[in-house]
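Participant: I'm passing along query_20.txt; it holds compact mmCIF, C-alpha atoms.
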```txt
# COMPACT_ATOMS: atom_id res chain seq x y z
CA MET A 1 -30.31 133.05 217.38
CA LYS A 2 -33.24 135.26 216.74
CA ASN A 3 -33.93 133.15 213.70
CA GLY A 4 -33.96 129.94 215.86
CA THR A 5 -36.31 131.38 218.45
CA ASP A 6 -38.53 132.81 215.78
CA SER A 7 -38.92 129.48 214.12
CA PHE A 8 -39.57 127.81 217.49
CA PHE A 9 -42.33 130.26 218.36
CA SER A 10 -43.73 130.13 214.89
CA LEU A 11 -44.63 126.47 215.22
CA GLY A 12 -48.12 127.40 216.05
CA TYR A 13 -48.39 129.23 212.83
CA TRP A 14 -48.62 126.75 209.99
CA PRO A 15 -49.93 127.86 206.74
CA SER A 16 -53.14 125.99 205.99
CA ALA A 17 -52.90 126.12 202.25
CA GLY A 18 -49.29 125.17 202.09
CA SER A 19 -47.66 121.87 201.45
CA PHE A 20 -46.10 119.49 203.93
CA GLY A 21 -42.32 119.93 204.21
CA PHE A 22 -39.28 119.37 206.34
CA ASN A 23 -37.86 121.96 208.57
CA THR A 24 -34.10 121.86 208.07
CA ASP A 25 -33.32 124.16 210.93
CA ILE A 26 -31.54 121.77 213.36
CA LEU A 27 -31.62 124.06 216.34
CA ALA A 28 -35.37 124.46 216.02
CA THR A 29 -36.36 120.85 215.44
CA ASN A 30 -33.93 118.82 217.61
CA PRO A 31 -35.17 119.89 221.04
CA ILE A 32 -38.73 119.25 219.94
CA ASN A 33 -37.95 115.81 218.57
CA LEU A 34 -35.91 114.89 221.59
CA SER A 35 -38.60 116.01 223.99
CA VAL A 36 -41.23 114.03 222.10
CA VAL A 37 -39.07 110.89 222.00
CA LEU A 38 -38.15 111.21 225.65
CA GLY A 39 -41.75 111.79 226.63
CA VAL A 40 -42.90 108.68 224.71
CA LEU A 41 -40.08 106.60 226.20
CA ILE A 42 -40.80 107.76 229.70
CA PHE A 43 -44.54 107.22 229.35
CA PHE A 44 -44.39 103.77 227.76
CA GLY A 45 -41.03 102.54 229.04
CA LYS A 46 -41.50 103.49 232.67
CA GLY A 47 -43.27 100.26 233.59
CA VAL A 48 -40.95 98.05 231.55
CA CYS A 49 -37.80 99.63 232.96
CA ALA A 50 -39.17 99.60 236.49
CA SER A 51 -40.08 95.90 236.31
CA CYS A 52 -36.71 95.03 234.70
CA LEU A 53 -34.90 97.04 237.31
CA LYS A 54 -37.00 95.50 240.08
CA GLN A 55 -36.30 91.97 238.76
CA ARG A 56 -32.60 92.74 238.50
CA ILE A 57 -32.47 94.14 242.04
CA LEU A 58 -34.36 91.12 243.43
CA SER A 59 -32.06 88.76 241.52
CA THR A 60 -29.01 90.56 242.82
CA ILE A 61 -30.38 90.42 246.38
CA ARG A 62 -31.07 86.66 246.03
CA ASN A 63 -27.58 86.06 244.66
CA SER A 64 -26.11 88.13 247.46
CA GLU A 65 -28.06 86.14 250.04
CA GLU A 66 -26.90 82.85 248.50
CA LEU A 67 -23.32 84.06 248.42
CA ARG A 68 -23.64 85.26 252.01
CA GLU A 69 -25.03 81.89 253.16
CA GLY A 70 -22.26 80.07 251.29
CA ALA A 71 -19.66 82.36 252.82
CA ILE A 72 -21.11 81.80 256.31
CA GLU A 73 -21.07 78.05 255.73
CA ARG A 74 -17.46 78.13 254.53
CA LEU A 75 -16.56 80.35 257.48
CA GLU A 76 -18.09 77.84 259.92
CA LYS A 77 -16.24 74.98 258.24
CA ALA A 78 -13.01 76.97 258.37
CA ARG A 79 -13.58 77.74 262.06
CA ALA A 80 -14.25 74.07 262.81
CA ARG A 81 -11.13 73.07 260.87
CA LEU A 82 -9.10 75.76 262.67
CA GLN A 83 -10.33 74.52 266.03
CA LYS A 84 -9.45 70.94 265.09
CA VAL A 85 -5.98 72.01 263.94
CA GLU A 86 -5.46 74.00 267.14
CA MET A 87 -6.45 70.96 269.22
CA GLU A 88 -4.06 68.76 267.24
CA ALA A 89 -1.32 71.36 267.64
CA ASP A 90 -1.91 71.44 271.40
CA GLU A 91 -1.84 67.63 271.48
CA PHE A 92 1.40 67.58 269.49
CA ARG A 93 2.83 70.24 271.77
CA VAL A 94 1.90 68.29 274.92
CA ASN A 95 3.14 65.00 273.43
CA GLY A 96 6.28 66.72 272.24
CA TYR A 97 7.00 68.15 275.68
CA SER A 98 6.38 64.80 277.38
CA GLU A 99 8.53 63.06 274.76
CA ILE A 100 11.28 65.63 275.35
CA GLU A 101 11.05 65.08 279.11
CA ARG A 102 11.14 61.30 278.64
CA GLU A 103 14.18 61.56 276.35
CA LYS A 104 15.82 63.93 278.81
CA LEU A 105 15.33 61.45 281.67
CA ASN A 106 16.57 58.59 279.50
CA LEU A 107 19.65 60.60 278.59
CA ILE A 108 20.30 61.51 282.22
CA ASN A 109 19.89 57.87 283.31
CA SER A 110 22.10 56.65 280.48
CA THR A 111 24.76 59.22 281.32
CA TYR A 112 24.59 58.29 285.01
CA LYS A 113 25.00 54.59 284.17
CA ASN A 114 27.93 55.38 281.86
CA LEU A 115 29.58 57.48 284.56
CA GLU A 116 29.02 54.74 287.11
CA ARG A 117 30.49 52.14 284.74
CA LEU A 118 33.49 54.39 284.05
CA GLU A 119 33.96 54.94 287.79
CA ASN A 120 33.90 51.17 288.37
CA TYR A 121 36.35 50.65 285.53
CA LYS A 122 38.61 53.34 286.97
CA ASN A 123 38.47 51.75 290.43
CA GLU A 124 39.19 48.29 289.00
CA THR A 125 42.11 49.69 287.02
CA ILE A 126 43.48 51.41 290.14
CA GLN A 127 43.13 48.19 292.18
CA PHE A 128 44.76 46.17 289.42
CA GLU A 129 47.67 48.61 289.19
CA GLN A 130 48.00 48.71 292.98
CA GLN A 131 48.02 44.91 293.13
CA ARG A 132 50.57 44.75 290.33
CA ALA A 133 52.75 47.34 292.09
CA ILE A 134 52.42 45.43 295.39
CA ASN A 135 53.33 42.17 293.65
CA GLN A 136 56.34 43.79 292.00
CA VAL A 137 57.47 45.21 295.36
CA ARG A 138 56.95 41.82 297.06
CA GLN A 139 58.88 40.08 294.31
CA ARG A 140 61.77 42.51 294.64
CA VAL A 141 61.71 42.30 298.44
CA PHE A 142 61.59 38.50 298.21
CA GLN A 143 64.46 38.46 295.71
CA GLN A 144 66.50 40.81 297.83
CA ALA A 145 65.71 38.81 300.97
CA LEU A 146 66.57 35.59 299.16
CA GLN A 147 69.81 37.06 297.86
CA GLY A 148 70.59 38.37 301.33
CA ALA A 149 69.82 34.98 302.91
CA LEU A 150 71.89 33.14 300.30
CA GLY A 151 74.70 35.57 300.88
CA THR A 152 74.44 35.05 304.64
CA LEU A 153 74.20 31.27 304.25
CA ASN A 154 77.11 31.15 301.89
CA SER A 155 79.23 33.23 304.20
CA CYS A 156 78.17 31.34 307.35
CA LEU A 157 77.71 27.91 305.95
CA ASN A 158 80.53 25.46 305.91
CA ASN A 159 80.47 21.95 304.53
CA GLU A 160 79.36 20.27 307.72
CA LEU A 161 76.52 22.70 308.35
CA HIS A 162 75.56 22.41 304.73
CA LEU A 163 75.26 18.63 304.96
CA ARG A 164 73.21 18.86 308.14
CA THR A 165 70.82 21.38 306.53
CA VAL A 166 70.42 19.20 303.46
CA SER A 167 69.77 16.06 305.51
CA ALA A 168 67.28 17.96 307.75
CA ASN A 169 65.42 19.14 304.68
CA ILE A 170 65.44 15.63 303.20
CA GLY A 171 64.06 14.32 306.46
CA MET A 172 61.33 16.95 306.43
CA PHE A 173 60.38 16.04 302.88
CA GLY A 174 60.34 12.35 303.79
CA ALA A 175 58.07 13.03 306.78
CA MET A 176 55.73 15.09 304.59
CA LYS A 177 55.62 12.31 302.03
CA GLU A 178 54.64 9.76 304.66
CA ILE A 179 51.88 12.04 305.92
CA THR A 180 50.44 12.51 302.45
CA ASP A 181 50.57 8.76 301.60
```
Represent the structure of the file as structure tokens.
Facilitator:
Amino acid sequence: MKNGTDSFFSLGYWPSAGSFGFNTDILATNPINLSVVLGVLIFFGKGVCASCLKQRILSTIRNSEELREGAIERLEKARARLQKVEMEADEFRVNGYSEIEREKLNLINSTYKNLERLENYKNETIQFEQQRAINQVRQRVFQQALQGALGTLNSCLNNELHLRTVSANIGMFGAMKEITD
């Protein structure tokens, strides 16, 4: 390393009568070359880089503002659409509830009418069966009474009484015929 520092410090000492040549010592020449190149770049490139960077920052800010405004606009549209959808949902909900209530009342009324109709049908059936049972009982009572009367007549009736009954009935029928003519 002593050789590298010696050559670095010996830069000020250039032989005046010598020839121009290349220093092949990398450790001695690289830091010098790099510092010169960096110095030139910083001195001349500072304005160019600063203006490029400034333009890029301003462009990025403008793009960000445009994106922000677009996002705000889309957000407002989305909010308006959400509000509209919520209003429609509320309307559907209210209409749905009223439709459900209407259907419920219709079902209740229909069921009540069906029950009433079934009750009437049941009552008519009961009356019909009662009437039929009453008619059957009357018919049996009438048959039994008729059989009993025939039995009594046959046992009590002799030929003479039979002839008088027949002629009385014929007379009654004759009198009824004269009335109707």
Participant: Interatomic distance between atom CA of Asn95 of chain A and atom CA of Leu75 of chain A?
Facilitator: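 Interatomic distance, atom CA of Asn95 of chain A to atom CA of Leu75 of chain A: 29.6 Å.
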Participant: Mind pulling up the distance from atom CA of Leu53 of chain A to atom CA of Gly70 of chain A?
Facilitator: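 Atom CA of Leu53 of chain A lies 25.4 Å from atom CA of Gly70 of chain A.
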Participant: To one decimal place, how far is atom CA of Thr165 of chain A from atom CA of Ala145 of chain A in Å?
Facilitator: 19.0 Å
Participant: Box in all listed atoms of segment 76-93 of chain A, axis-aligned, with 6 Å more on each side; write out centre and edge lengths in Å to one decimal as lines of an AutoDock Vina configuration file.
Facilitator:
```
center_x = -7.6
center_y = 72.7
center_z = 265.0
size_x = 32.9
size_y = 22.3
size_z = 25.5
```
Participant: Can you rebuild segment 32-50 of chain A with N, CA and C atoms and give it as a PDB file, in the frame of the given file?
Facilitator:
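In the end it all went to out_37.pdb:
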```pdb
ATOM      1  N   ILE A  32     -37.339 119.707 219.992  1.00  0.00           N
ATOM      2  CA  ILE A  32     -38.730 119.250 219.940  1.00  0.00           C
ATOM      3  C   ILE A  32     -38.753 117.741 219.751  1.00  0.00           C
ATOM      4  N   ASN A  33     -37.973 117.254 218.829  1.00  0.00           N
ATOM      5  CA  ASN A  33     -37.950 115.810 218.570  1.00  0.00           C
ATOM      6  C   ASN A  33     -37.458 115.035 219.800  1.00  0.00           C
ATOM      7  N   LEU A  34     -36.431 115.556 220.403  1.00  0.00           N
ATOM      8  CA  LEU A  34     -35.910 114.890 221.590  1.00  0.00           C
ATOM      9  C   LEU A  34     -36.911 114.875 222.724  1.00  0.00           C
ATOM     10  N   SER A  35     -37.614 115.970 222.919  1.00  0.00           N
ATOM     11  CA  SER A  35     -38.600 116.010 223.990  1.00  0.00           C
ATOM     12  C   SER A  35     -39.762 115.075 223.709  1.00  0.00           C
ATOM     13  N   VAL A  36     -40.139 114.946 222.451  1.00  0.00           N
ATOM     14  CA  VAL A  36     -41.230 114.030 222.100  1.00  0.00           C
ATOM     15  C   VAL A  36     -40.780 112.587 222.323  1.00  0.00           C
ATOM     16  N   VAL A  37     -39.573 112.260 221.848  1.00  0.00           N
ATOM     17  CA  VAL A  37     -39.070 110.890 222.000  1.00  0.00           C
ATOM     18  C   VAL A  37     -38.898 110.550 223.469  1.00  0.00           C
ATOM     19  N   LEU A  38     -38.329 111.457 224.225  1.00  0.00           N
ATOM     20  CA  LEU A  38     -38.150 111.210 225.650  1.00  0.00           C
ATOM     21  C   LEU A  38     -39.491 111.070 226.364  1.00  0.00           C
ATOM     22  N   GLY A  39     -40.428 111.877 226.016  1.00  0.00           N
ATOM     23  CA  GLY A  39     -41.750 111.790 226.630  1.00  0.00           C
ATOM     24  C   GLY A  39     -42.394 110.442 226.340  1.00  0.00           C
ATOM     25  N   VAL A  40     -42.314 109.980 225.069  1.00  0.00           N
ATOM     26  CA  VAL A  40     -42.900 108.680 224.710  1.00  0.00           C
ATOM     27  C   VAL A  40     -42.175 107.563 225.458  1.00  0.00           C
ATOM     28  N   LEU A  41     -40.840 107.638 225.496  1.00  0.00           N
ATOM     29  CA  LEU A  41     -40.080 106.600 226.200  1.00  0.00           C
ATOM     30  C   LEU A  41     -40.396 106.571 227.689  1.00  0.00           C
ATOM     31  N   ILE A  42     -40.502 107.713 228.280  1.00  0.00           N
ATOM     32  CA  ILE A  42     -40.800 107.760 229.700  1.00  0.00           C
ATOM     33  C   ILE A  42     -42.206 107.240 229.963  1.00  0.00           C
ATOM     34  N   PHE A  43     -43.149 107.633 229.144  1.00  0.00           N
ATOM     35  CA  PHE A  43     -44.540 107.220 229.350  1.00  0.00           C
ATOM     36  C   PHE A  43     -44.711 105.715 229.160  1.00  0.00           C
ATOM     37  N   PHE A  44     -44.197 105.191 228.054  1.00  0.00           N
ATOM     38  CA  PHE A  44     -44.390 103.770 227.760  1.00  0.00           C
ATOM     39  C   PHE A  44     -43.323 102.871 228.383  1.00  0.00           C
ATOM     40  N   GLY A  45     -42.125 103.373 228.548  1.00  0.00           N
ATOM     41  CA  GLY A  45     -41.030 102.540 229.040  1.00  0.00           C
ATOM     42  C   GLY A  45     -40.868 102.530 230.537  1.00  0.00           C
ATOM     43  N   LYS A  46     -41.636 103.406 231.217  1.00  0.00           N
ATOM     44  CA  LYS A  46     -41.500 103.490 232.670  1.00  0.00           C
ATOM     45  C   LYS A  46     -41.833 102.164 233.324  1.00  0.00           C
ATOM     46  N   GLY A  47     -42.870 101.521 232.979  1.00  0.00           N
ATOM     47  CA  GLY A  47     -43.270 100.260 233.590  1.00  0.00           C
ATOM     48  C   GLY A  47     -42.306  99.133 233.256  1.00  0.00           C
ATOM     49  N   VAL A  48     -41.874  99.107 231.973  1.00  0.00           N
ATOM     50  CA  VAL A  48     -40.950  98.050 231.550  1.00  0.00           C
ATOM     51  C   VAL A  48     -39.623  98.193 232.266  1.00  0.00           C
ATOM     52  N   CYS A  49     -39.082  99.396 232.298  1.00  0.00           N
ATOM     53  CA  CYS A  49     -37.800  99.630 232.960  1.00  0.00           C
ATOM     54  C   CYS A  49     -37.893  99.367 234.454  1.00  0.00           C
ATOM     55  N   ALA A  50     -38.999  99.792 235.051  1.00  0.00           N
ATOM     56  CA  ALA A  50     -39.170  99.600 236.490  1.00  0.00           C
ATOM     57  C   ALA A  50     -39.236  98.118 236.820  1.00  0.00           C
TER      58      ALA A  50
END
```
